[in-house]
Amino acid sequence: MVLIHISPDWISVAESQGSPIDTLYEDEIAYLKKAGQKRRQEFAAVRHCARIALQSLNYERPVTVPGRSGLPTWPNGLIGSMTHCNSYCAAAVASSQVCNAIGIDAEPNRSLTPGVLDRIASSTECEHVQYLRALHPHISFDRLLFSIKESIYKAVFSNSGDSLRFKDVRVLVNPNGNFDAQITSSHLRCASLQGYWGERDGILGSIVTIHPIDPPARATVLAEPH
């Protein structure tokens with residue numbers, strides 16, 4: 001499990017390999033009426049993780065139908081993020097008193113389709129990705145960069161409603177498992193963020209948080225068995 005090992009200990013994280021099925025609410029079933037089988041499985045599996053993460057904070061999972069913005073719904077006083085890829089899914093939740101927003105993302109540890117990196121990264125980022133791949137060939141740093149930018153998009157959009165393009169964010173990935181990022185677009189210019197990344201069992205994971213104060217040292221982390 002990758003996110004449990006890289007998340008701050010004040011965030012409740014639940015993740016799973018496989019296809020756990022959560023009991024869906026009527027509104028969620030109606031929302032999925034025209035969805036395919038794969039989408040239904042992913043929808044239910046990631047909400048299973050959300051339920052576990054919320055239960056660790058003594059909250060029940062609410063109806064989680066994406067609104068017009070596409071954001072999931074969390075109980076009052078909490079913020080969170082969800083992700084899924086292949087047979088992996090995860091949810092991260094924390095108190096809104098200590099964290100304004102969370103963004104998580106998971107991707108398979110394999111290279112992007114040729115040409116995609118040039119569309120999402122600056123020339124400096126592309127050069128740095130190639131440098132890191134030469135040092136650590138077992139990590140697909142191009143895909144990792146994509147994951148980090150997805151996490152940042154989720155956190156920023158959840159926090160302010162601002163939509164970012166991939167090249168609105170400049171990321172410096174450190175091989176020791178963290179990264180620094182700077183948002184360079186319009187009124188968000190010079191906004192800086194830090195986060196963490198990791199790889200386990202063929203899954204790349206990244207997490208970024210936006211918070212106004214230093215987080216407390218309170219651990220609540222859960223994992224689902226394989």
# chains A, B, ... in the order shown; residues from 1 in each chain; ligands from 1
>>> residues_around(residues="Lys167 in chain A", least_positions_apart="5", cutoff="7 Å", atoms="only C-alpha atoms", output="PyMOL selection string")
chain A and resi 120-122
>>> residues_around(residues="Cys126 in chain A", least_positions_apart="5", cutoff="8 Å", atoms="only C-alpha atoms", output="list in words")
Leu117, Asp118, Ala121 and Asp142 of chain A
>>> closest_residue(among="A:Glu199, A:Glu60, A:Asp105, A:Glu28", to="Ala91 in chain A", atoms="only C-alpha atoms")
A:Asp105
>>> select_by_dssp(residues="chain A", states="strand (DSSP E)", output="PyMOL selection string")
chain A and resi 12-17+78-85+88-95+101-108+169-174+178-183+191-200+203-210
>>> write_last_selection(atoms="C-alpha atoms", output="compact mmCIF listing (two decimals), in the first residue's frame")
# COMPACT_ATOMS: atom_id res chain seq x y z
CA SER A 12 -6.88 9.13 7.88
CA VAL A 13 -6.03 6.96 4.88
CA ALA A 14 -7.69 3.79 3.64
CA GLU A 15 -6.60 1.95 0.51
CA SER A 16 -7.24 -1.38 -1.12
CA GLN A 17 -5.91 -3.67 -3.81
CA LEU A 78 -13.89 17.26 7.03
CA ILE A 79 -12.04 17.46 3.74
CA GLY A 80 -10.80 14.60 1.61
CA SER A 81 -9.78 13.14 -1.71
CA MET A 82 -10.20 9.84 -3.56
CA THR A 83 -8.35 8.04 -6.33
CA HIS A 84 -8.36 4.75 -8.22
CA CYS A 85 -6.37 3.07 -10.95
CA TYR A 88 -6.10 -0.05 -6.62
CA CYS A 89 -8.18 2.58 -4.83
CA ALA A 90 -7.74 4.91 -1.88
CA ALA A 91 -9.34 7.71 0.13
CA ALA A 92 -7.76 10.29 2.44
CA VAL A 93 -9.69 12.38 4.96
CA ALA A 94 -8.73 15.00 7.56
CA SER A 95 -10.23 17.71 9.73
CA ALA A 101 -7.61 20.62 1.13
CA ILE A 102 -6.08 17.26 0.25
CA GLY A 103 -5.21 15.91 -3.16
CA ILE A 104 -4.23 12.29 -3.79
CA ASP A 105 -3.57 10.40 -7.00
CA ALA A 106 -2.45 6.89 -7.95
CA GLU A 107 -1.08 5.75 -11.29
CA PRO A 108 0.48 2.55 -12.65
CA VAL A 169 2.31 24.01 -12.14
CA ARG A 170 6.08 23.60 -12.02
CA VAL A 171 7.20 20.58 -10.02
CA LEU A 172 10.60 19.62 -8.69
CA VAL A 173 10.59 15.92 -7.79
CA ASN A 174 13.10 14.84 -5.18
CA ASN A 178 8.99 14.42 -1.64
CA PHE A 179 8.40 17.23 -4.09
CA ASP A 180 8.10 21.00 -4.28
CA ALA A 181 5.66 22.73 -6.59
CA GLN A 182 4.95 26.28 -7.64
CA ILE A 183 1.72 27.44 -9.23
CA ALA A 191 1.79 29.87 -4.59
CA SER A 192 4.04 27.09 -3.31
CA LEU A 193 3.11 23.58 -2.26
CA GLN A 194 4.95 20.57 -0.92
CA GLY A 195 3.97 16.94 -0.96
CA TYR A 196 5.11 13.33 -0.94
CA TRP A 197 5.33 10.46 -3.42
CA GLY A 198 6.09 6.76 -3.31
CA GLU A 199 5.90 3.48 -5.23
CA ARG A 200 4.77 0.05 -4.05
CA ILE A 203 1.54 1.72 -8.09
CA LEU A 204 2.83 5.29 -7.96
CA GLY A 205 1.11 7.48 -5.37
CA SER A 206 1.28 11.17 -4.56
CA ILE A 207 -0.30 13.41 -1.93
CA VAL A 208 -0.38 17.16 -1.40
CA THR A 209 -2.11 19.19 1.31
CA ILE A 210 -3.07 22.83 1.66
>>> closest_residue(among="A:Cys99, A:Ala35, A:Ile139, A:Ala44", to="His211 in chain A", atoms="only C-alpha atoms")
A:Cys99
>>> closest_residue(among="A:Ile29, A:Gln55, A:Gly115, A:Gly18", to="Met1 in chain A", atoms="only C-alpha atoms")
A:Gly18
>>> atom_distance(atom1="CA of Ala155 in chain A", atom2="CA of Glu127 in chain A")
26.0 Å
>>> residues_around(residues="Ser140 in chain A", least_positions_apart="5", cutoff="10 Å", atoms="only C-alpha atoms", output="number ranges by chain")
A: 108-112, 129-130, 132-133, 145, 199, 204
